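K.L.:
My structure is in upload_34.pdb, and what it holds is PDB, C-alpha atoms:
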ATOM      1  CA  MET W   1      -2.979   3.318  12.457
ATOM      2  CA  GLU W   2       0.305   3.538  10.588
ATOM      3  CA  LEU W   3       1.095   0.745   8.165
ATOM      4  CA  TYR W   4       4.661   0.433   6.917
ATOM      5  CA  HIS W   5       4.174  -2.702   4.819
ATOM      6  CA  PRO W   6       1.355  -5.071   3.775
ATOM      7  CA  GLY W   7       2.114  -7.555   6.551
ATOM      8  CA  MET W   8       0.853  -5.026   9.073
ATOM      9  CA  TYR W   9      -2.671  -5.626   7.781
ATOM     10  CA  TRP W  10      -2.638  -8.861   9.833
ATOM     11  CA  VAL W  11      -2.441  -6.816  13.031
ATOM     12  CA  PHE W  12      -5.014  -4.331  11.771
ATOM     13  CA  GLN W  13      -7.499  -7.097  10.866
ATOM     14  CA  ASP W  14      -6.956  -8.717  14.267
ATOM     15  CA  LEU W  15      -7.760  -5.441  16.049
ATOM     16  CA  ILE W  16     -10.979  -5.152  14.017
ATOM     17  CA  MET W  17     -12.013  -8.765  14.760
ATOM     18  CA  GLN W  18     -11.396  -8.241  18.488
ATOM     19  CA  GLY W  19     -13.563  -5.135  18.414
ATOM     20  CA  LEU W  20     -10.715  -2.967  19.649
ATOM     21  CA  ILE W  21     -11.077  -0.404  16.862
ATOM     22  CA  GLU W  22     -14.195   0.828  15.103
ATOM     23  CA  PRO W  23     -14.847   2.574  11.798
ATOM     24  CA  PRO W  24     -14.083   4.908  10.349
ATOM     25  CA  TYR W  25     -10.562   3.523  10.247
ATOM     26  CA  ASP W  26      -7.832   6.159   9.873
ATOM     27  CA  ILE W  27      -4.867   4.545   8.169
ATOM     28  CA  GLN W  28      -1.574   6.192   7.292
ATOM     29  CA  PHE W  29       0.657   4.438   4.792
ATOM     30  CA  VAL W  30       4.280   5.264   5.571
ATOM     31  CA  MET W  31       6.378   4.718   2.466
ATOM     32  CA  GLY W  32      10.052   5.275   1.796
ATOM     33  CA  PHE W  33      11.182   4.183   5.259
ATOM     34  CA  GLN W  34      13.842   1.454   5.441
ATOM     35  CA  THR W  35      11.563  -1.356   6.622
ATOM     36  CA  GLY W  36       8.435  -0.191   4.821
ATOM     37  CA  SER W  37       6.969  -0.790   1.415
ATOM     38  CA  PHE W  38       9.117   0.501  -1.393
ATOM     39  CA  PRO W  39       7.476   3.791  -2.488
ATOM     40  CA  THR W  40       6.144   2.893  -5.923
ATOM     41  CA  PRO W  41       2.729   3.644  -7.422
ATOM     42  CA  SER W  42       1.921  -0.066  -7.705
ATOM     43  CA  ASN W  43       2.790  -0.700  -4.038
ATOM     44  CA  LEU W  44       0.601   2.210  -2.941
ATOM     45  CA  LEU W  45      -2.279   0.931  -5.073
ATOM     46  CA  SER W  46      -1.854  -2.515  -3.546
ATOM     47  CA  LEU W  47      -2.046  -1.101  -0.015
ATOM     48  CA  ILE W  48      -5.155   0.907  -0.895
ATOM     49  CA  ASP W  49      -6.806  -2.186  -2.415
ATOM     50  CA  GLU W  50      -6.607  -3.934   0.982
ATOM     51  CA  LEU W  51      -8.414  -1.171   2.896
ATOM     52  CA  PRO W  52     -11.521  -2.330   4.736
ATOM     53  CA  ASP W  53     -14.788  -0.507   4.109
ATOM     54  CA  GLN W  54     -15.217   2.792   5.950
ATOM     55  CA  SER W  55     -11.525   3.641   5.825
ATOM     56  CA  ILE W  56      -9.863   7.000   5.409
ATOM     57  CA  PHE W  57      -6.289   6.834   4.186
ATOM     58  CA  PHE W  58      -3.327   9.148   4.373
ATOM     59  CA  VAL W  59       0.000   8.783   2.614
ATOM     60  CA  ILE W  60       3.301   9.725   4.165
ATOM     61  CA  GLY W  61       6.318   9.822   1.893
ATOM     62  CA  VAL W  62       9.664   9.903   3.639
ATOM     63  CA  GLY W  63      12.406  12.094   2.201
ATOM     64  CA  HIS W  64      12.278  12.872  -1.482
ATOM     65  CA  TYR W  65       9.293  10.527  -1.860
ATOM     66  CA  GLN W  66       7.048  12.942   0.037
ATOM     67  CA  LEU W  67       5.883  15.124  -2.838
ATOM     68  CA  PRO W  68       5.211  12.398  -5.451
ATOM     69  CA  LEU W  69       3.427  10.123  -2.958
ATOM     70  CA  ASN W  70       1.377  12.968  -1.505
ATOM     71  CA  THR W  71       0.334  14.001  -5.001
ATOM     72  CA  MET W  72      -0.627  10.419  -5.831
ATOM     73  CA  SER W  73      -2.709  10.201  -2.645
ATOM     74  CA  ILE W  74      -4.570  13.358  -3.617
ATOM     75  CA  LEU W  75      -5.254  11.916  -7.075
ATOM     76  CA  LEU W  76      -6.573   8.685  -5.518
ATOM     77  CA  GLY W  77      -8.924  10.429  -3.087
ATOM     78  CA  GLY W  78      -6.703  10.090  -0.038
ATOM     79  CA  HIS W  79      -5.212  12.562   2.344
ATOM     80  CA  VAL W  80      -1.622  13.540   3.094
ATOM     81  CA  ARG W  81       0.812  14.267   5.868
ATOM     82  CA  VAL W  82       3.593  16.702   5.134
ATOM     83  CA  GLY W  83       6.230  18.350   7.201
ATOM     84  CA  MET W  84       9.786  18.356   8.373
ATOM     85  CA  GLU W  85       9.359  15.212  10.459
ATOM     86  CA  ASP W  86       9.343  13.243   7.191
ATOM     87  CA  ASN W  87      11.347  15.478   4.852
ATOM     88  CA  VAL W  88      13.543  18.493   5.545
ATOM     89  CA  TYR W  89      13.978  19.505   1.894
ATOM     90  CA  TYR W  90      11.726  21.617  -0.307
ATOM     91  CA  SER W  91      13.712  20.563  -3.345
ATOM     92  CA  ARG W  92      17.104  19.073  -4.085
ATOM     93  CA  GLY W  93      19.694  21.082  -2.152
ATOM     94  CA  ARG W  94      17.152  23.509  -0.645
ATOM     95  CA  LYS W  95      15.948  22.924   2.897
ATOM     96  CA  LEU W  96      12.463  23.844   4.036
ATOM     97  CA  LYS W  97      12.231  27.066   6.013
ATOM     98  CA  ASN W  98       9.415  25.614   8.146
ATOM     99  CA  ASN W  99       6.480  23.218   8.007
ATOM    100  CA  ALA W 100       4.197  25.951   6.668
ATOM    101  CA  GLU W 101       6.198  26.049   3.441
ATOM    102  CA  SER W 102       5.531  22.351   2.882
ATOM    103  CA  VAL W 103       1.834  22.732   3.725
ATOM    104  CA  ALA W 104       1.448  25.697   1.348
ATOM    105  CA  ARG W 105       2.920  23.703  -1.525
ATOM    106  CA  ILE W 106       0.647  20.674  -1.055
ATOM    107  CA  VAL W 107      -2.407  22.942  -0.652
ATOM    108  CA  ARG W 108      -1.560  24.591  -3.982
ATOM    109  CA  ILE W 109      -1.145  21.202  -5.667
ATOM    110  CA  ALA W 110      -4.407  19.887  -4.198
ATOM    111  CA  LYS W 111      -6.297  22.951  -5.387
ATOM    112  CA  GLU W 112      -4.811  22.597  -8.871
ATOM    113  CA  LEU W 113      -6.079  19.000  -8.871
ATOM    114  CA  ASN W 114      -9.568  20.212  -7.850
ATOM    115  CA  ARG W 115      -9.418  18.806  -4.323
ATOM    116  CA  GLN W 116     -10.908  20.852  -1.538
ATOM    117  CA  ILE W 117      -8.837  21.509   1.540
ATOM    118  CA  ALA W 118     -10.394  20.521   4.853
ATOM    119  CA  THR W 119     -10.850  23.271   7.367
ATOM    120  CA  PRO W 120      -9.455  22.582  10.842
ATOM    121  CA  GLN W 121     -13.029  21.828  11.977
ATOM    122  CA  GLN W 122     -13.589  19.370   9.093
ATOM    123  CA  ALA W 123     -10.257  17.669   9.772
ATOM    124  CA  ARG W 124     -11.145  17.251  13.451
ATOM    125  CA  GLU W 125     -14.488  15.742  12.461
ATOM    126  CA  MET W 126     -12.861  13.307   9.985
ATOM    127  CA  LEU W 127     -10.364  12.206  12.622
ATOM    128  CA  GLY W 128     -12.921  11.946  15.424
ATOM    129  CA  LEU W 129     -11.257  14.637  17.507
ATOM    130  CA  MET W 130     -12.937  17.132  19.816
ATOM    131  CA  GLN W 131     -13.970  20.296  17.981
ATOM    132  CA  LYS W 132     -12.249  22.431  20.561
ATOM    133  CA  PRO W 133      -8.739  21.444  21.618
ATOM    134  CA  SER W 134      -8.424  20.670  25.299
ATOM    135  CA  GLN W 135      -6.647  23.101  27.561
ATOM    136  CA  TYR W 136      -3.602  21.883  29.443
TER
END
How does the structure come out when it is put into C-alpha cells?

P.N.:
Amino acid sequence: MELYHPGMYWVFQDLIMQGLIEPPYDIQFVMGFQTGSFPTPSNLLSLIDELPDQSIFFVIGVGHYQLPLNTMSILLGGHVRVGMEDNVYYSRGRKLKNNAESVARIVRIAKELNRQIATPQQAREMLGLMQKPSQY
C-alpha cells in the first residue's frame, strides 16, 4: 500500500476490516509529492504512529527529500525505496548515473547506522514474494 497523506488510512483501515488484506501490512509512505504529506520529521512520525500492528513500513522521499527521509526511516527501523523514479539527482546539480549509484549510497548510510541490509532472499520473504522469480 502507498499512503500519500494521513487521510489514506481510512481506506487502509476499511480494507483491513473487510478482510481484503492480511498482515504483515507493507506500507510505503510517499512524501514530498504535491498532494502528499509535507516531508517533515514530525509528519513522518505521525504517519508511523498510525501503523497497525504487524506492519512493515518503507519511506519514499521525492526529489531532494529522498536522502533525508530515507535516512530517517533507517533510524526509525523502517525500510527505504530509492532510485531515479523518485529522484534523478545524486546531489545538487549532479544527476545520478544510474539507480545502482543511489542504492550504493543508501547501503553505505545504513551500514554506518548499524542496520543490516536484506539479501534479495530476505527481501522477498519480507514482502511475501516467491523466492524464485517467475519466468515469462

K.L.:
Name the residues that the PyMOL selection byres ((chain W and resi 9) around 12) picks from the file above, as a ChimeraX atom specification, using the file's chain letters and numbers.

P.N.:
/W:1-8,10-16,27-29,46-52

K.L.:
Quick one: write out the picked residues with C-alpha atoms as a short mmCIF file (atom, residue, chain, number, x, y, z; two decimals), keeping the file's coordinate frame?

P.N.:
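The file below, again_28.cif, is the result:
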data_model
loop_
_atom_site.label_atom_id
_atom_site.label_comp_id
_atom_site.auth_asym_id
_atom_site.auth_seq_id
_atom_site.Cartn_x
_atom_site.Cartn_y
_atom_site.Cartn_z
CA MET W 1 -2.98 3.32 12.46
CA GLU W 2 0.30 3.54 10.59
CA LEU W 3 1.10 0.74 8.16
CA TYR W 4 4.66 0.43 6.92
CA HIS W 5 4.17 -2.70 4.82
CA PRO W 6 1.36 -5.07 3.78
CA GLY W 7 2.11 -7.56 6.55
CA MET W 8 0.85 -5.03 9.07
CA TRP W 10 -2.64 -8.86 9.83
CA VAL W 11 -2.44 -6.82 13.03
CA PHE W 12 -5.01 -4.33 11.77
CA GLN W 13 -7.50 -7.10 10.87
CA ASP W 14 -6.96 -8.72 14.27
CA LEU W 15 -7.76 -5.44 16.05
CA ILE W 16 -10.98 -5.15 14.02
CA ILE W 27 -4.87 4.54 8.17
CA GLN W 28 -1.57 6.19 7.29
CA PHE W 29 0.66 4.44 4.79
CA SER W 46 -1.85 -2.52 -3.55
CA LEU W 47 -2.05 -1.10 -0.02
CA ILE W 48 -5.16 0.91 -0.90
CA ASP W 49 -6.81 -2.19 -2.42
CA GLU W 50 -6.61 -3.93 0.98
CA LEU W 51 -8.41 -1.17 2.90
CA PRO W 52 -11.52 -2.33 4.74
#

K.L.:
What do you get, as a list in words, if you spell out every residue that the PyMOL selection byres ((chain W and resi 113) around 12) selects here?

P.N.:
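Those residues are Thr71, Met72, Ser73, Ile74, Leu75, Leu76, Gly77, Ile106, Val107, Arg108, Ile109, Ala110, Lys111, Glu112, Asn114, Arg115, Gln116 and Ile117 of chain W.
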
K.L.:
Taking the file above as input, evaluate the PyMOL selection byres ((chain W and resi 54) around 10) and report the hits as a list in words.

P.N.:
Glu22, Pro23, Pro24, Tyr25, Asp26, Leu51, Pro52, Asp53, Ser55, Ile56 and Phe57 of chain W

K.L.:
Would you kindly return, as a PyMOL selection string, each protein, DNA or RNA residue with an atom no farther than 8 Å from any atom of W:Ile60, considering all atoms listed in the file and excluding same-chain residues fewer than 2 positions away?

P.N.:
chain W and resi 28-31+58+62+66+69-70+80-82+86

K.L.:
Enter the distance from atom CA of W:Met84 to atom CA of W:Asn98, in Å, rounded to one decimal.

P.N.:
7.3 Å

K.L.:
Between W:Gly128, W:Ser134, W:His64, W:Met17, which is the closest to W:Gly93 once you count all atoms listed in the file?

P.N.:
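Result for the nearest residue to W:Gly93: W:His64.
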
K.L.:
Enter the distance from atom CA of W:Gln122 to atom CA of W:Pro68, in Å, rounded to one decimal.

P.N.:
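Here the two named atoms are 24.8 Å from each other.
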
K.L.:
Could you tell me how far atom CA of W:Tyr65 sits from atom CA of W:Ser91, in Å to one decimal place?

P.N.:
11.1 Å

K.L.:
For each of W:Gly61, W:Arg124, W:Thr119, W:Leu96, take the minimum atom-to-atom distance to W:Phe38, counting only C-alpha atoms, then give the residue where this is smallest.

P.N.:
W:Gly61
